[in-house]
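Below is one structure, written out as C-alpha coordinates; comments come after it.
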Amino acid sequence: MPVNTDAIGKTYPAATYAVGREKVREYARAVGESNALHLDLEAARAAGYEDLVAPPMFAVVYSFPAVLPALFDPEVGIDFARLVHGGQEFEWDTLVVAGDEITTTVSVADVSERAGNGFFVHASESVNQRGELVSFARWSNIVRGV
Amino acid sequence: MQPGDEIQPLAVTPDKYLTVRYAGASGDFNPIHIDEEFARQVGLPGRILHGLYTMAQVARAQTQAGGGPQSLKRLSVQFRGMGLPEHELVVTGTVRSADDGVVVVDCSCEQDGKRIIRNAEAELRLPPES
(Lines give C-alpha, C1' and ligand atoms only; values in the text may rest on other atoms or scores of the structure.)
Protein backbone atom coordinates (compact mmCIF):
# COMPACT_ATOMS: atom_id res chain seq x y z
CA MET A 1 0.00 0.00 0.00
CA PRO A 2 1.60 3.30 -1.04
CA VAL A 3 1.96 5.99 1.59
CA ASN A 4 -0.41 8.97 1.41
CA THR A 5 1.70 12.00 0.56
CA ASP A 6 -1.45 14.15 0.37
CA ALA A 7 -1.17 14.58 4.14
CA ILE A 8 2.05 16.65 3.80
CA GLY A 9 1.41 20.14 5.12
CA LYS A 10 -1.66 19.17 7.11
CA THR A 11 -1.91 21.03 10.43
CA TYR A 12 -3.76 20.12 13.62
CA PRO A 13 -5.58 22.12 16.30
CA ALA A 14 -3.22 23.61 18.89
CA ALA A 15 -3.19 22.05 22.37
CA THR A 16 -2.20 23.85 25.57
CA TYR A 17 -0.41 22.16 28.47
CA ALA A 18 -0.17 23.74 31.94
CA VAL A 19 3.23 22.95 33.48
CA GLY A 20 2.85 21.84 37.10
CA ARG A 21 5.65 22.08 39.66
CA GLU A 22 5.25 18.50 40.84
CA LYS A 23 5.11 17.26 37.24
CA VAL A 24 8.49 18.89 36.62
CA ARG A 25 9.85 17.16 39.75
CA GLU A 26 8.29 13.80 38.77
CA TYR A 27 9.80 13.99 35.28
CA ALA A 28 13.18 15.18 36.55
CA ARG A 29 13.36 12.28 39.03
CA ALA A 30 12.27 9.72 36.40
CA VAL A 31 15.10 10.69 34.05
CA GLY A 32 17.64 10.97 36.87
CA GLU A 33 18.17 14.75 36.81
CA SER A 34 20.31 15.94 39.70
CA ASN A 35 20.48 19.67 38.83
CA ALA A 36 18.78 21.58 41.68
CA LEU A 37 17.08 23.95 39.20
CA HIS A 38 14.64 21.09 38.41
CA LEU A 39 14.07 19.89 41.98
CA ASP A 40 14.66 22.64 44.53
CA LEU A 41 12.37 25.68 44.38
CA GLU A 42 14.67 27.87 46.47
CA ALA A 43 17.66 27.01 44.28
CA ALA A 44 15.65 27.82 41.13
CA ARG A 45 14.49 31.16 42.57
CA ALA A 46 17.99 32.00 43.80
CA ALA A 47 19.20 31.48 40.22
CA GLY A 48 16.64 34.03 38.99
CA TYR A 49 13.86 31.72 37.77
CA GLU A 50 10.25 32.17 38.84
CA ASP A 51 9.77 28.49 39.61
CA LEU A 52 11.29 25.05 38.99
CA VAL A 53 12.92 24.86 35.56
CA ALA A 54 11.74 22.05 33.28
CA PRO A 55 14.58 19.90 31.88
CA PRO A 56 14.95 20.43 28.10
CA MET A 57 13.55 16.97 27.31
CA PHE A 58 10.36 17.85 29.26
CA ALA A 59 9.38 19.13 25.79
CA VAL A 60 8.15 15.56 25.26
CA VAL A 61 5.60 16.02 28.05
CA TYR A 62 4.13 19.38 27.08
CA SER A 63 3.99 18.62 23.36
CA PHE A 64 2.51 15.11 23.64
CA PRO A 65 -1.16 16.23 23.87
CA ALA A 66 -0.75 17.99 20.51
CA VAL A 67 1.47 15.38 18.86
CA LEU A 68 -0.49 12.21 19.70
CA PRO A 69 -3.68 13.03 17.72
CA ALA A 70 -1.50 13.90 14.73
CA LEU A 71 0.34 10.57 14.94
CA PHE A 72 -2.99 8.71 15.12
CA ASP A 73 -4.58 10.67 12.25
CA PRO A 74 -6.15 8.05 9.92
CA GLU A 75 -5.41 10.29 6.92
CA VAL A 76 -1.69 9.91 7.66
CA GLY A 77 -2.31 6.19 8.10
CA ILE A 78 0.54 5.10 10.37
CA ASP A 79 0.28 1.37 11.20
CA PHE A 80 1.30 1.31 14.87
CA ALA A 81 1.98 -2.43 14.88
CA ARG A 82 4.91 -1.82 12.51
CA LEU A 83 6.00 1.56 13.83
CA VAL A 84 9.57 2.32 14.84
CA HIS A 85 10.58 5.67 16.33
CA GLY A 86 13.43 6.43 13.94
CA GLY A 87 14.69 9.77 15.12
CA GLN A 88 13.97 12.87 17.09
CA GLU A 89 15.17 16.43 17.06
CA PHE A 90 14.54 19.34 19.39
CA GLU A 91 15.60 22.96 19.27
CA TRP A 92 15.18 24.98 22.44
CA ASP A 93 14.71 28.68 22.99
CA THR A 94 13.18 30.28 26.12
CA LEU A 95 13.35 27.95 29.17
CA VAL A 96 10.08 26.53 30.50
CA VAL A 97 9.31 26.92 34.21
CA ALA A 98 6.49 25.51 36.35
CA GLY A 99 3.42 27.71 35.98
CA ASP A 100 3.93 28.24 32.26
CA GLU A 101 1.18 27.38 29.78
CA ILE A 102 2.67 25.90 26.66
CA THR A 103 0.73 25.82 23.39
CA THR A 104 1.89 23.39 20.72
CA THR A 105 0.91 23.18 17.08
CA VAL A 106 1.74 20.19 14.90
CA SER A 107 1.99 19.69 11.16
CA VAL A 108 2.91 16.83 8.85
CA ALA A 109 6.34 17.84 7.54
CA ASP A 110 7.02 14.88 5.28
CA VAL A 111 5.70 11.51 4.15
CA SER A 112 7.77 9.34 1.84
CA GLU A 113 8.51 5.75 0.90
CA ARG A 114 11.94 4.20 0.42
CA ALA A 115 12.80 0.54 -0.01
CA GLY A 116 9.34 -0.55 1.03
CA ASN A 117 9.32 1.41 4.28
CA GLY A 118 7.21 4.46 5.07
CA PHE A 119 8.86 7.56 6.55
CA PHE A 120 6.70 10.01 8.46
CA VAL A 121 7.94 13.30 9.90
CA HIS A 122 5.78 15.49 12.12
CA ALA A 123 6.94 18.98 13.12
CA SER A 124 5.81 20.69 16.29
CA GLU A 125 6.30 24.21 17.56
CA SER A 126 5.66 25.25 21.16
CA VAL A 127 5.21 28.75 22.58
CA ASN A 128 4.62 29.94 26.13
CA GLN A 129 1.81 32.16 27.47
CA ARG A 130 3.75 35.27 26.37
CA GLY A 131 4.00 33.95 22.82
CA GLU A 132 7.75 33.29 23.14
CA LEU A 133 9.09 30.29 21.24
CA VAL A 134 10.17 27.58 23.69
CA SER A 135 10.92 24.68 21.39
CA PHE A 136 10.64 23.20 17.95
CA ALA A 137 10.69 19.47 17.26
CA ARG A 138 10.79 16.95 14.43
CA TRP A 139 9.35 13.50 15.19
CA SER A 140 10.53 10.88 12.68
CA ASN A 141 8.78 7.54 12.49
CA ILE A 142 9.36 4.58 10.25
CA VAL A 143 6.70 2.04 9.33
CA ARG A 144 8.29 -1.18 8.11
CA GLY A 145 6.87 -2.86 5.05
CA VAL A 146 4.18 -0.40 3.91
CA MET B 1 35.78 23.06 25.14
CA GLN B 2 37.89 22.57 22.03
CA PRO B 3 37.42 20.39 18.94
CA GLY B 4 38.44 16.84 19.76
CA ASP B 5 37.71 17.16 23.49
CA GLU B 6 35.53 14.46 24.99
CA ILE B 7 32.68 15.48 27.24
CA GLN B 8 32.36 13.77 30.63
CA PRO B 9 30.69 10.39 29.90
CA LEU B 10 27.37 9.69 31.61
CA ALA B 11 26.64 6.16 32.83
CA VAL B 12 23.29 5.11 34.27
CA THR B 13 21.62 1.75 34.87
CA PRO B 14 17.83 2.09 34.69
CA ASP B 15 16.30 -0.13 37.37
CA LYS B 16 13.62 -2.77 36.83
CA TYR B 17 10.71 -0.34 37.37
CA LEU B 18 12.17 2.68 35.57
CA THR B 19 9.98 2.23 32.49
CA VAL B 20 6.87 2.38 34.69
CA ARG B 21 8.02 5.62 36.36
CA TYR B 22 9.00 7.14 33.00
CA ALA B 23 5.65 6.12 31.49
CA GLY B 24 3.86 7.96 34.28
CA ALA B 25 6.15 10.97 34.09
CA SER B 26 5.98 11.29 30.30
CA GLY B 27 2.44 10.07 29.55
CA ASP B 28 3.68 7.37 27.13
CA PHE B 29 1.99 4.15 28.30
CA ASN B 30 2.73 2.02 25.22
CA PRO B 31 2.57 -1.54 26.69
CA ILE B 32 5.87 -2.58 25.06
CA HIS B 33 7.50 -0.47 27.79
CA ILE B 34 5.53 -1.57 30.83
CA ASP B 35 4.01 -5.03 30.21
CA GLU B 36 6.51 -7.91 30.08
CA GLU B 37 3.99 -10.39 28.69
CA PHE B 38 2.79 -8.03 25.94
CA ALA B 39 6.35 -7.15 24.96
CA ARG B 40 7.25 -10.84 24.55
CA GLN B 41 4.06 -11.51 22.58
CA VAL B 42 5.10 -8.93 19.98
CA GLY B 43 8.54 -10.50 19.66
CA LEU B 44 10.61 -8.30 21.93
CA PRO B 45 13.05 -9.74 24.49
CA GLY B 46 10.94 -8.11 27.22
CA ARG B 47 9.94 -4.59 28.19
CA ILE B 48 12.12 -2.06 26.41
CA LEU B 49 13.17 1.46 27.39
CA HIS B 50 11.35 4.43 25.89
CA GLY B 51 13.59 5.91 23.18
CA LEU B 52 12.86 9.37 24.55
CA TYR B 53 14.09 8.27 28.01
CA THR B 54 17.37 7.22 26.43
CA MET B 55 17.47 10.51 24.51
CA ALA B 56 16.97 12.30 27.85
CA GLN B 57 20.17 10.63 29.08
CA VAL B 58 22.01 11.99 26.03
CA ALA B 59 20.54 15.42 26.86
CA ARG B 60 21.68 15.13 30.49
CA ALA B 61 25.25 14.45 29.43
CA GLN B 62 25.12 17.69 27.39
CA THR B 63 23.58 19.90 30.09
CA GLN B 64 26.12 18.57 32.59
CA ALA B 65 28.92 19.44 30.16
CA GLY B 66 27.38 22.81 29.34
CA GLY B 67 26.66 23.85 32.92
CA GLY B 68 22.85 23.69 33.03
CA PRO B 69 19.59 23.38 31.09
CA GLN B 70 19.99 26.81 29.45
CA SER B 71 23.11 25.61 27.60
CA LEU B 72 21.38 23.01 25.40
CA LYS B 73 19.98 24.62 22.24
CA ARG B 74 19.54 21.65 19.92
CA LEU B 75 19.70 17.87 20.02
CA SER B 76 18.99 15.43 17.23
CA VAL B 77 19.28 11.66 17.51
CA GLN B 78 18.69 8.51 15.53
CA PHE B 79 17.31 5.50 17.39
CA ARG B 80 18.96 2.22 16.43
CA GLY B 81 18.02 -0.88 18.35
CA MET B 82 16.27 -1.07 21.67
CA GLY B 83 17.36 -0.31 25.18
CA LEU B 84 16.68 -2.67 28.07
CA PRO B 85 16.10 -2.01 31.77
CA GLU B 86 18.76 -3.23 34.21
CA HIS B 87 21.54 -2.82 31.62
CA GLU B 88 23.95 0.09 31.82
CA LEU B 89 23.62 2.98 29.37
CA VAL B 90 26.76 4.99 28.58
CA VAL B 91 26.59 8.34 26.80
CA THR B 92 29.78 9.68 25.24
CA GLY B 93 30.46 12.73 23.11
CA THR B 94 33.27 14.48 21.26
CA VAL B 95 33.40 18.19 20.48
CA ARG B 96 33.27 18.69 16.72
CA SER B 97 33.50 22.47 16.64
CA ALA B 98 33.59 25.42 19.03
CA ASP B 99 33.06 28.95 17.69
CA ASP B 100 32.06 32.04 19.67
CA GLY B 101 30.60 29.98 22.49
CA VAL B 102 28.62 27.68 20.18
CA VAL B 103 29.83 24.12 20.69
CA VAL B 104 28.71 21.21 18.52
CA VAL B 105 29.09 17.75 20.08
CA ASP B 106 28.86 14.42 18.24
CA CYS B 107 27.44 11.90 20.66
CA SER B 108 26.00 8.43 21.05
CA CYS B 109 24.56 6.10 23.66
CA GLU B 110 25.75 2.54 24.05
CA GLN B 111 24.29 -0.46 25.86
CA ASP B 112 25.97 -3.89 26.01
CA GLY B 113 28.42 -2.76 23.31
CA LYS B 114 25.68 -1.66 20.88
CA ARG B 115 25.05 1.95 19.92
CA ILE B 116 21.32 2.29 20.51
CA ILE B 117 21.48 6.03 19.78
CA ARG B 118 23.87 7.03 17.06
CA ASN B 119 24.63 10.01 14.84
CA ALA B 120 23.43 12.27 17.63
CA GLU B 121 24.37 15.90 17.40
CA ALA B 122 24.05 18.48 20.16
CA GLU B 123 24.52 22.23 20.04
CA LEU B 124 25.49 23.95 23.27
CA ARG B 125 25.67 27.67 23.85
CA LEU B 126 28.15 28.59 26.54
CA PRO B 127 28.74 31.92 28.28
CA PRO B 128 31.58 33.89 26.59
CA GLU B 129 34.07 33.29 29.43
CA SER B 130 33.95 29.47 29.24
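FYI, nothing fancy with the C-alpha coordinates labels: chains A, B, ... in order, residues from 1 per chain, ligands from 1 as they appear.
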Write out, as CSV, each residue of chain B that has an atom at most 6 Å from chain A, together with the closest pair of atoms and their distance in Å to one decimal, counting only C-alpha atoms, rows going by chain and rising number.
residue,atom,partner,partner_atom,distance
B:Arg21,CA,A:Ala30,CA,5.9
B:Tyr22,CA,A:Ala30,CA,5.4
B:Ala25,CA,A:Tyr27,CA,4.9
B:Ser26,CA,A:Val61,CA,5.3
B:Ala56,CA,A:Met57,CA,5.8
B:Lys73,CA,A:Trp92,CA,4.8
B:Arg74,CA,A:Glu91,CA,4.2
B:Leu75,CA,A:Phe90,CA,5.4
B:Ser76,CA,A:Glu89,CA,4.0
B:Val77,CA,A:Gln88,CA,5.5
B:Gln78,CA,A:Gly87,CA,4.2
B:Phe79,CA,A:Gly86,CA,5.3
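Excluding stretch 106-110 of chain B itself and any same-chain residue fewer than 6 positions from it, the protein and nucleic acid residues within 8 Å of it, counting only C-alpha atoms, are B:Thr54, B:Val58, B:Leu89, B:Val90, B:Val91, B:Thr92, B:Gly93, B:Thr94, B:Val95, B:Arg96, B:Ile116, B:Ile117, B:Arg118, B:Asn119, B:Ala120, B:Glu121, B:Ala122.
Among the residues of stretch 31-84 of chain B, backbone DSSP assigns helix (DSSP H, G or I) to Pro31, Ile32, His33, Ile34, Glu36, Glu37, Phe38, Ala39, Arg40, Gln41, Gly51, Leu52, Tyr53, Thr54, Met55, Ala56, Gln57, Val58, Ala59, Arg60, Ala61, Gln62, Thr63, Gln64, Ala65, Gly66, Pro69, Gln70 and Ser71 of chain B.
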I need the chosen residues saved as a PDB file, in the first residue's frame, with N, CA and C atoms.
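Saved result, out_11.pdb, follows:
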ATOM      1  N   PRO B  31       2.314  -0.342  25.871  1.00  0.00           N
ATOM      2  CA  PRO B  31       2.573  -1.538  26.693  1.00  0.00           C
ATOM      3  C   PRO B  31       3.917  -2.214  26.427  1.00  0.00           C
ATOM      4  N   ILE B  32       4.549  -1.954  25.282  1.00  0.00           N
ATOM      5  CA  ILE B  32       5.867  -2.578  25.056  1.00  0.00           C
ATOM      6  C   ILE B  32       6.887  -2.105  26.093  1.00  0.00           C
ATOM      7  N   HIS B  33       6.574  -0.997  26.777  1.00  0.00           N
ATOM      8  CA  HIS B  33       7.498  -0.468  27.786  1.00  0.00           C
ATOM      9  C   HIS B  33       7.173  -0.922  29.207  1.00  0.00           C
ATOM     10  N   ILE B  34       5.934  -1.341  29.441  1.00  0.00           N
ATOM     11  CA  ILE B  34       5.531  -1.575  30.833  1.00  0.00           C
ATOM     12  C   ILE B  34       4.938  -2.962  31.093  1.00  0.00           C
ATOM     13  N   GLU B  36       5.545  -6.887  30.501  1.00  0.00           N
ATOM     14  CA  GLU B  36       6.511  -7.910  30.083  1.00  0.00           C
ATOM     15  C   GLU B  36       5.867  -8.927  29.112  1.00  0.00           C
ATOM     16  N   GLU B  37       4.674  -9.378  29.485  1.00  0.00           N
ATOM     17  CA  GLU B  37       3.993 -10.390  28.685  1.00  0.00           C
ATOM     18  C   GLU B  37       3.680  -9.865  27.278  1.00  0.00           C
ATOM     19  N   PHE B  38       3.126  -8.633  27.235  1.00  0.00           N
ATOM     20  CA  PHE B  38       2.788  -8.027  25.944  1.00  0.00           C
ATOM     21  C   PHE B  38       4.046  -7.872  25.090  1.00  0.00           C
ATOM     22  N   ALA B  39       5.117  -7.384  25.710  1.00  0.00           N
ATOM     23  CA  ALA B  39       6.354  -7.152  24.959  1.00  0.00           C
ATOM     24  C   ALA B  39       6.849  -8.454  24.324  1.00  0.00           C
ATOM     25  N   ARG B  40       6.797  -9.551  25.090  1.00  0.00           N
ATOM     26  CA  ARG B  40       7.253 -10.844  24.550  1.00  0.00           C
ATOM     27  C   ARG B  40       6.336 -11.329  23.428  1.00  0.00           C
ATOM     28  N   GLN B  41       5.019 -11.087  23.612  1.00  0.00           N
ATOM     29  CA  GLN B  41       4.056 -11.509  22.580  1.00  0.00           C
ATOM     30  C   GLN B  41       4.326 -10.843  21.238  1.00  0.00           C
ATOM     31  N   GLY B  51      12.496   5.227  23.887  1.00  0.00           N
ATOM     32  CA  GLY B  51      13.590   5.906  23.184  1.00  0.00           C
ATOM     33  C   GLY B  51      13.821   7.318  23.722  1.00  0.00           C
ATOM     34  N   LEU B  52      12.719   7.982  24.076  1.00  0.00           N
ATOM     35  CA  LEU B  52      12.862   9.367  24.547  1.00  0.00           C
ATOM     36  C   LEU B  52      13.450   9.437  25.960  1.00  0.00           C
ATOM     37  N   TYR B  53      13.360   8.342  26.733  1.00  0.00           N
ATOM     38  CA  TYR B  53      14.094   8.274  28.009  1.00  0.00           C
ATOM     39  C   TYR B  53      15.593   8.215  27.716  1.00  0.00           C
ATOM     40  N   THR B  54      15.955   7.354  26.767  1.00  0.00           N
ATOM     41  CA  THR B  54      17.371   7.221  26.433  1.00  0.00           C
ATOM     42  C   THR B  54      17.899   8.538  25.868  1.00  0.00           C
ATOM     43  N   MET B  55      17.068   9.201  25.037  1.00  0.00           N
ATOM     44  CA  MET B  55      17.470  10.512  24.512  1.00  0.00           C
ATOM     45  C   MET B  55      17.658  11.510  25.659  1.00  0.00           C
ATOM     46  N   ALA B  56      16.829  11.398  26.704  1.00  0.00           N
ATOM     47  CA  ALA B  56      16.967  12.301  27.854  1.00  0.00           C
ATOM     48  C   ALA B  56      18.312  12.089  28.550  1.00  0.00           C
ATOM     49  N   GLN B  57      18.839  10.865  28.499  1.00  0.00           N
ATOM     50  CA  GLN B  57      20.171  10.632  29.083  1.00  0.00           C
ATOM     51  C   GLN B  57      21.247  11.303  28.238  1.00  0.00           C
ATOM     52  N   VAL B  58      21.065  11.278  26.904  1.00  0.00           N
ATOM     53  CA  VAL B  58      22.010  11.987  26.026  1.00  0.00           C
ATOM     54  C   VAL B  58      21.941  13.488  26.332  1.00  0.00           C
ATOM     55  N   ALA B  59      20.713  13.999  26.542  1.00  0.00           N
ATOM     56  CA  ALA B  59      20.541  15.416  26.860  1.00  0.00           C
ATOM     57  C   ALA B  59      21.207  15.769  28.190  1.00  0.00           C
ATOM     58  N   ARG B  60      21.075  14.870  29.183  1.00  0.00           N
ATOM     59  CA  ARG B  60      21.679  15.133  30.494  1.00  0.00           C
ATOM     60  C   ARG B  60      23.194  15.239  30.407  1.00  0.00           C
ATOM     61  N   ALA B  61      23.793  14.385  29.583  1.00  0.00           N
ATOM     62  CA  ALA B  61      25.254  14.454  29.429  1.00  0.00           C
ATOM     63  C   ALA B  61      25.652  15.828  28.881  1.00  0.00           C
ATOM     64  N   GLN B  62      24.804  16.386  27.994  1.00  0.00           N
ATOM     65  CA  GLN B  62      25.118  17.695  27.390  1.00  0.00           C
ATOM     66  C   GLN B  62      24.931  18.823  28.399  1.00  0.00           C
ATOM     67  N   THR B  63      23.817  18.799  29.151  1.00  0.00           N
ATOM     68  CA  THR B  63      23.577  19.897  30.088  1.00  0.00           C
ATOM     69  C   THR B  63      24.582  19.845  31.242  1.00  0.00           C
ATOM     70  N   GLN B  64      25.065  18.651  31.570  1.00  0.00           N
ATOM     71  CA  GLN B  64      26.124  18.573  32.591  1.00  0.00           C
ATOM     72  C   GLN B  64      27.410  19.170  32.045  1.00  0.00           C
ATOM     73  N   ALA B  65      27.703  18.884  30.772  1.00  0.00           N
ATOM     74  CA  ALA B  65      28.925  19.440  30.163  1.00  0.00           C
ATOM     75  C   ALA B  65      28.793  20.947  29.973  1.00  0.00           C
ATOM     76  N   GLY B  66      27.577  21.394  29.661  1.00  0.00           N
ATOM     77  CA  GLY B  66      27.376  22.808  29.342  1.00  0.00           C
ATOM     78  C   GLY B  66      27.084  23.684  30.544  1.00  0.00           C
ATOM     79  N   PRO B  69      20.588  23.600  32.154  1.00  0.00           N
ATOM     80  CA  PRO B  69      19.588  23.384  31.091  1.00  0.00           C
ATOM     81  C   PRO B  69      19.583  24.485  30.026  1.00  0.00           C
ATOM     82  N   GLN B  70      20.018  25.693  30.418  1.00  0.00           N
ATOM     83  CA  GLN B  70      19.989  26.805  29.451  1.00  0.00           C
ATOM     84  C   GLN B  70      21.036  26.629  28.350  1.00  0.00           C
ATOM     85  N   SER B  71      22.019  25.746  28.566  1.00  0.00           N
ATOM     86  CA  SER B  71      23.112  25.611  27.598  1.00  0.00           C
ATOM     87  C   SER B  71      22.721  24.792  26.375  1.00  0.00           C
TER      88      SER B  71
END
> Which of these residues is nearest to A:Ser124, using only C-alpha atoms: A:Ala98, A:Val3, A:Ala18, A:Trp139?
Replying inline: A:Trp139
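Note that the spacing between atom CA of A:Ala66 and atom CA of A:Thr104 amounts to 6.0 Å.
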>> Could you list, as number ranges by chain, every residue within 9 Å of A:Asp51, counting only C-alpha atoms and ignoring same-chain residues fewer than 6 positions away?
In response: A: 21, 37-38, 41-42, 44-45, 97-99
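Counting from atom CA of A:Asp110, the distance to atom CA of A:Gly145 is 17.7 Å.
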